[in-house]
>>> print(open('target-v4.cif').read())   # mmCIF, C-alpha atoms and all ligand atoms
data_entry
loop_
_atom_site.label_atom_id
_atom_site.label_comp_id
_atom_site.auth_asym_id
_atom_site.auth_seq_id
_atom_site.Cartn_x
_atom_site.Cartn_y
_atom_site.Cartn_z
CA MET A 1 0.00 0.00 0.00
CA GLU A 2 2.79 2.42 0.85
CA ASP A 3 4.50 1.89 -2.54
CA ALA A 4 1.88 3.88 -4.41
CA ALA A 5 1.83 6.76 -1.95
CA LYS A 6 2.46 10.28 -3.24
CA GLU A 7 4.39 10.91 -0.04
CA CYS A 8 2.27 13.90 0.98
CA GLY A 9 2.70 12.78 4.57
CA LEU A 10 -0.87 13.43 5.71
CA CYS A 11 -1.26 9.90 7.02
CA ALA A 12 1.84 10.11 9.18
CA GLU A 13 1.08 13.67 10.26
CA ARG A 14 -2.48 12.93 11.33
CA CYS A 15 -2.08 9.47 12.84
CA PRO A 16 -3.14 9.95 16.48
CA VAL A 17 -0.56 7.49 17.82
CA GLN A 18 2.33 8.19 15.40
CA ALA A 19 2.16 4.65 14.06
CA ILE A 20 3.26 5.68 10.55
CA ASP A 21 6.92 6.37 9.84
CA PRO A 22 7.11 9.89 8.29
CA THR A 23 9.77 8.93 5.76
CA SER A 24 8.94 5.37 4.74
CA PHE A 25 5.16 5.59 5.47
CA VAL A 26 5.27 2.07 6.83
CA THR A 27 2.81 1.43 9.64
CA ASP A 28 3.97 -0.07 12.91
CA PRO A 29 1.32 -2.67 13.78
CA ARG A 30 2.34 -2.56 17.44
CA LYS A 31 1.31 1.12 17.66
CA CYS A 32 -1.65 1.17 15.27
CA ILE A 33 -5.06 1.29 17.00
CA SER A 34 -6.97 0.70 13.73
CA CYS A 35 -8.80 4.01 13.90
CA MET A 36 -8.69 4.28 10.06
CA ARG A 37 -7.93 8.00 10.14
CA CYS A 38 -5.10 7.46 7.66
CA VAL A 39 -7.53 5.80 5.25
CA LYS A 40 -10.01 8.65 5.59
CA GLN A 41 -7.36 11.36 5.23
CA CYS A 42 -5.45 9.98 2.23
CA PRO A 43 -6.17 12.23 -0.79
CA GLU A 44 -4.94 9.60 -3.23
CA THR A 45 -6.84 6.72 -1.62
CA VAL A 46 -3.56 4.83 -1.40
CA ARG A 47 -4.42 3.64 2.07
CA SER A 48 -7.37 1.32 2.03
CA VAL A 49 -9.14 -1.30 4.08
CA ASN A 50 -9.36 -4.94 3.09
CA GLY A 51 -13.03 -5.60 2.34
CA ALA A 52 -12.87 -9.12 3.74
CA MET A 53 -11.44 -7.82 7.01
CA VAL A 54 -14.21 -5.22 7.24
CA SER A 55 -16.79 -7.99 6.75
CA VAL A 56 -15.23 -10.06 9.52
CA ALA A 57 -15.15 -7.08 11.88
CA ALA A 58 -18.74 -6.14 11.03
CA PHE A 59 -19.89 -9.67 11.74
CA ALA A 60 -18.00 -9.73 15.04
CA ILE A 61 -19.56 -6.52 16.36
CA LYS A 62 -23.03 -6.95 14.88
CA LYS A 63 -24.41 -8.67 17.98
CA ALA A 64 -22.95 -6.12 20.39
CA CYS A 65 -24.31 -3.22 18.36
CA SER A 66 -27.74 -4.64 17.55
CA ILE A 67 -29.34 -3.55 20.84
CA ARG A 68 -29.37 0.09 21.89
CA LYS A 69 -27.67 0.61 25.23
CA GLU A 70 -28.05 3.46 27.67
CA ASN A 71 -25.06 5.62 28.47
CA GLU A 72 -23.16 4.59 31.57
CA LEU A 73 -20.37 6.27 33.48
CA PHE A 74 -17.80 4.16 35.24
CA LEU A 75 -15.58 5.75 37.86
CA SER A 76 -12.85 3.78 39.49
S1 LIG B 101 -5.36 3.23 11.44
FE1 LIG B 101 -5.16 5.00 12.82
S2 LIG B 101 -3.61 4.41 14.29
FE2 LIG B 101 -3.41 3.00 12.57
S3 LIG B 101 -1.89 3.91 11.23
FE3 LIG B 101 -3.87 4.64 10.51
S4 LIG B 101 -4.21 6.60 11.56
FE4 LIG B 101 -2.55 5.51 12.66
#
>>> encode(input="target-v4.cif", output="structure tokens")
Amino acid sequence: MEDAAKECGLCAERCPVQAIDPTSFVTDPRKCISCMRCVKQCPETVRSVNGAMVSVAAFAIKKACSIRKENELFLS
């Protein structure tokens, strides 16, 4: 994915956890929190999400998100 980048640097600049190297644009999977901001921000749509992975994630959270829940505040 990084090979086709135009090297504008927006992904690295806007990553909230600095998971993207600003020179190589390679993502560190140990830092990445999968927020997808880099995908949303990329003007060239170089960064993308694997459709199969999105389907798996959607299936996994479907049950948890199918029932509306009231807001709760937890203080510890
Ligand atoms: S998904 Fe989020 S945390 Fe991961 S590299 Fe992209 S912007 Fe950074």
>>> residues_around(input="target-v4.cif", residues="Cys11 (chain A)", least_positions_apart="2", cutoff="8 Å", atoms="all atoms listed in the file", output="PDB file with C-alpha atoms, in the frame of the given file")
ATOM      1  CA  GLY A   9       2.700  12.780   4.570  1.00  0.00           C
ATOM      2  CA  GLU A  13       1.080  13.670  10.260  1.00  0.00           C
ATOM      3  CA  ARG A  14      -2.480  12.930  11.330  1.00  0.00           C
ATOM      4  CA  CYS A  15      -2.080   9.470  12.840  1.00  0.00           C
ATOM      5  CA  ILE A  20       3.260   5.680  10.550  1.00  0.00           C
ATOM      6  CA  PHE A  25       5.160   5.590   5.470  1.00  0.00           C
ATOM      7  CA  ARG A  37      -7.930   8.000  10.140  1.00  0.00           C
ATOM      8  CA  CYS A  38      -5.100   7.460   7.660  1.00  0.00           C
ATOM      9  CA  VAL A  39      -7.530   5.800   5.250  1.00  0.00           C
ATOM     10  CA  GLN A  41      -7.360  11.360   5.230  1.00  0.00           C
ATOM     11  CA  CYS A  42      -5.450   9.980   2.230  1.00  0.00           C
TER      12      CYS A  42
END
>>> residues_around(input="target-v4.cif", residues="Asn50 (chain A)", least_positions_apart="4", cutoff="12 Å", atoms="only C-alpha atoms", output="PDB file with C-alpha atoms, in the frame of the given file")
ATOM      1  CA  MET A   1       0.000   0.000   0.000  1.00  0.00           C
ATOM      2  CA  MET A  36      -8.690   4.280  10.060  1.00  0.00           C
ATOM      3  CA  VAL A  39      -7.530   5.800   5.250  1.00  0.00           C
ATOM      4  CA  VAL A  54     -14.210  -5.220   7.240  1.00  0.00           C
ATOM      5  CA  SER A  55     -16.790  -7.990   6.750  1.00  0.00           C
ATOM      6  CA  VAL A  56     -15.230 -10.060   9.520  1.00  0.00           C
ATOM      7  CA  ALA A  57     -15.150  -7.080  11.880  1.00  0.00           C
TER       8      ALA A  57
END
>>> residues_around(input="target-v4.cif", residues="Asp21 (chain A)", least_positions_apart="2", cutoff="12 Å", atoms="all atoms listed in the file", output="ChimeraX atom specification")
/A:2,7,9-15,17-19,23-29,31-32
>>> atom_distance(input="target-v4.cif", atom1="CA of Cys35 (chain A)", atom2="atom S3 of ligand LIG 101 (chain B)")
7.4 Å
>>> atom_distance(input="target-v4.cif", atom1="atom FE3 of ligand LIG 101 (chain B)", atom2="CA of Pro43 (chain A)")
13.8 Å
>>> atom_distance(input="target-v4.cif", atom1="atom S3 of ligand LIG 101 (chain B)", atom2="CA of Val46 (chain A)")
12.8 Å
>>> closest_residue(input="target-v4.cif", among="A:Arg47, A:Lys63, A:Arg68, A:Lys6", to="ligand LIG 101 (chain B)", atoms="all atoms listed in the file")
A:Arg47
>>> closest_residue(input="target-v4.cif", among="A:Cys65, A:Leu73, A:Ser34, A:Ala60", to="Ser48 (chain A)", atoms="only C-alpha atoms")
A:Ser34
>>> axis_aligned_box(input="target-v4.cif", around="ligand LIG 101 (chain B)", padding_each_side="5 Å", output="AutoDock Vina command-line options")
--center_x -3.6 --center_y 4.8 --center_z 12.4 --size_x 13.5 --size_y 13.6 --size_z 13.8
>>> closest_residue(input="target-v4.cif", among="A:Pro16, A:Ile67, A:Ala58, A:Phe74", to="Ile33 (chain A)", atoms="all atoms listed in the file")
A:Pro16
>>> closest_residue(input="target-v4.cif", among="A:Lys62, A:Ala52, A:Pro22, A:Cys8", to="ligand LIG 101 (chain B)", atoms="only C-alpha atoms and all ligand atoms")
A:Pro22
